[in-house]
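Everything below concerns the one structure shown next.
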Amino acid sequence: MPEIGTIFWLILLIVFVVAESITTTLVSIWFAAGSLVALVIAGFKGEIWIQVAAFVAVSIILLLATRPLAKKYLEPKITKTNYDRIIGETCLVEEEINNLNETGSVKIKGTTWTARSCDDTVIPEGSTVEIKRIEGVKVFVSIK
């Protein structure tokens with residue numbers, strides 16, 4: 001019959017592995033490794049204090065050694081796309097911008113965008129406007 005220590009470390013290992021598998025970030029993998037080492041020591045009839053010390057030591061060492069690397073490679077990197085570059089640009093209104101009628105378009109670097117006025121003013125066709133922000137596929141502009 002297995003010892004209580006062996007059962008304890010096995011249960012702890014399972015809990016940490018399940019916790020790791022249901023999260024999208026590294027949360028408990030280090031503690032699962034510590035539990036595995038303690039489980040092996042318990043299997044060889046090691047003293048409880050050795051099991052606990054091994055669990056703590058392995059968990060802390062792995063946490064300190066791998067957490068910065070894991071964070072560096074697993075954190076999503078936000079890459080600016082081309083649309084960020086057009087904020088602040090000046091462009092020409094191709095179709096009258098009227099927020100109430102939900103009409104309006106501007107041409108920006110050869111591409112036509114749906115446009116809305118930032119302050120709900122009607123902007124006539126042919127006006128020069130400045131792009132203030134982008135929401136979805138619409139640019140919000142104000143008269144230059």
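For the structure tokens, the naming scheme is as follows: chains receive sequential letters (A, B, ...) according to their order of presentation, residues are indexed from 1 within each chain, and ligands are indexed from 1 in presentation order.
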Long-range neighbours of segment 96-107 of chain A as a PDB file with N, CA and C atoms, in the first residue's frame, 7 Å cut-off, only C-alpha atoms, 6 positions minimum in chain:
```pdb
ATOM      1  N   TRP A 113     -11.746  55.139 -47.589  1.00  0.00           N
ATOM      2  CA  TRP A 113     -12.200  54.747 -46.255  1.00  0.00           C
ATOM      3  C   TRP A 113     -13.562  55.378 -45.985  1.00  0.00           C
ATOM      4  N   THR A 114     -14.401  54.667 -45.255  1.00  0.00           N
ATOM      5  CA  THR A 114     -15.628  55.257 -44.744  1.00  0.00           C
ATOM      6  C   THR A 114     -15.215  56.270 -43.690  1.00  0.00           C
ATOM      7  N   ALA A 115     -15.858  57.446 -43.718  1.00  0.00           N
ATOM      8  CA  ALA A 115     -15.445  58.512 -42.807  1.00  0.00           C
ATOM      9  C   ALA A 115     -16.630  59.067 -42.044  1.00  0.00           C
ATOM     10  N   ARG A 116     -16.350  59.498 -40.825  1.00  0.00           N
ATOM     11  CA  ARG A 116     -17.325  60.184 -39.983  1.00  0.00           C
ATOM     12  C   ARG A 116     -16.644  61.397 -39.369  1.00  0.00           C
ATOM     13  N   SER A 117     -17.448  62.382 -39.065  1.00  0.00           N
ATOM     14  CA  SER A 117     -16.936  63.600 -38.456  1.00  0.00           C
ATOM     15  C   SER A 117     -16.778  63.393 -36.951  1.00  0.00           C
ATOM     16  N   ASP A 120     -19.564  65.777 -35.338  1.00  0.00           N
ATOM     17  CA  ASP A 120     -20.887  65.697 -35.960  1.00  0.00           C
ATOM     18  C   ASP A 120     -21.202  66.837 -36.923  1.00  0.00           C
ATOM     19  N   VAL A 122     -21.285  68.548 -40.651  1.00  0.00           N
ATOM     20  CA  VAL A 122     -21.336  68.065 -42.026  1.00  0.00           C
ATOM     21  C   VAL A 122     -20.126  68.649 -42.754  1.00  0.00           C
ATOM     22  N   ILE A 123     -19.362  67.782 -43.398  1.00  0.00           N
ATOM     23  CA  ILE A 123     -18.148  68.208 -44.099  1.00  0.00           C
ATOM     24  C   ILE A 123     -18.379  67.984 -45.596  1.00  0.00           C
ATOM     25  N   PRO A 124     -18.352  69.053 -46.376  1.00  0.00           N
ATOM     26  CA  PRO A 124     -18.663  68.924 -47.807  1.00  0.00           C
ATOM     27  C   PRO A 124     -17.560  68.211 -48.591  1.00  0.00           C
ATOM     28  N   GLU A 125     -17.975  67.654 -49.728  1.00  0.00           N
ATOM     29  CA  GLU A 125     -17.042  66.992 -50.638  1.00  0.00           C
ATOM     30  C   GLU A 125     -15.982  67.987 -51.104  1.00  0.00           C
TER      31      GLU A 125
END
```
Residues within 12 Å of segment 40-46 of chain A, only C-alpha atoms, excluding chain neighbours under 6 positions, as a count of residues only: 17
Please, which residues of segment 6-142 of chain A, numbered as in this document, come out strand (DSSP E or B) from DSSP, as a PyMOL selection string? chain A and resi 90-98+103-108+111-117+123+128-135+138-142
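Secondary structure of segment 66-120 of chain A, helix (DSSP H, G or I) only (DSSP, backbone atoms): Thr66, Arg67, Pro68, Leu69, Ala70, Lys71, Lys72, Tyr73, Leu74, Asn82, Tyr83, Asp84, Arg85 and Ile86 of chain A.
In this model, the gap between atom CA of Ser127 of chain A and atom CA of Arg85 of chain A comes to 21.1 Å.
Note that atom CA of Ala57 of chain A and atom CA of Leu39 of chain A are 13.9 Å apart.
With distances restricted to only C-alpha atoms, A:Glu130 is the closest residue to Thr90 of chain A from A:Glu20, A:Glu130, A:Glu47, A:Glu135.
In this structure, atom CA of Leu26 of chain A sits 11.9 Å away from atom CA of Lys72 of chain A.
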Just the residues within 9 Å of Val17 of chain A, please, counting only C-alpha atoms, with nothing from its chain fewer than 2 positions along; format it as a ChimeraX atom specification. /A:12-15,19-22,28-29,31-32
Neighbours of Leu63 of chain A within 8 Å (only C-alpha atoms; same-chain residues fewer than 4 positions away dropped), as JSON, numbers by chain? {"A": [30, 59, 67]}
Taking C-alpha atoms for each residue, export the selection above as an mmCIF file, in the first residue's frame.
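The resulting file, again_12.cif, is reproduced below:
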```cif
data_model
loop_
_atom_site.group_PDB
_atom_site.id
_atom_site.type_symbol
_atom_site.label_atom_id
_atom_site.label_comp_id
_atom_site.auth_asym_id
_atom_site.auth_seq_id
_atom_site.Cartn_x
_atom_site.Cartn_y
_atom_site.Cartn_z
ATOM 1 C CA TRP A 30 6.914 24.791 -11.853
ATOM 2 C CA SER A 59 9.678 24.854 -7.707
ATOM 3 C CA ARG A 67 9.707 32.550 -15.784
#
```
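Residue nearest Thr25 of chain A within the list A:Phe140, A:Tyr73, A:Val37, A:Val58: A:Tyr73 [criterion: smallest interatomic distance, only C-alpha atoms].
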Best match for closeness to Ile87 of chain A among A:Leu36, A:Val141, A:Thr112, A:Thr66, counting only C-alpha atoms: A:Val141
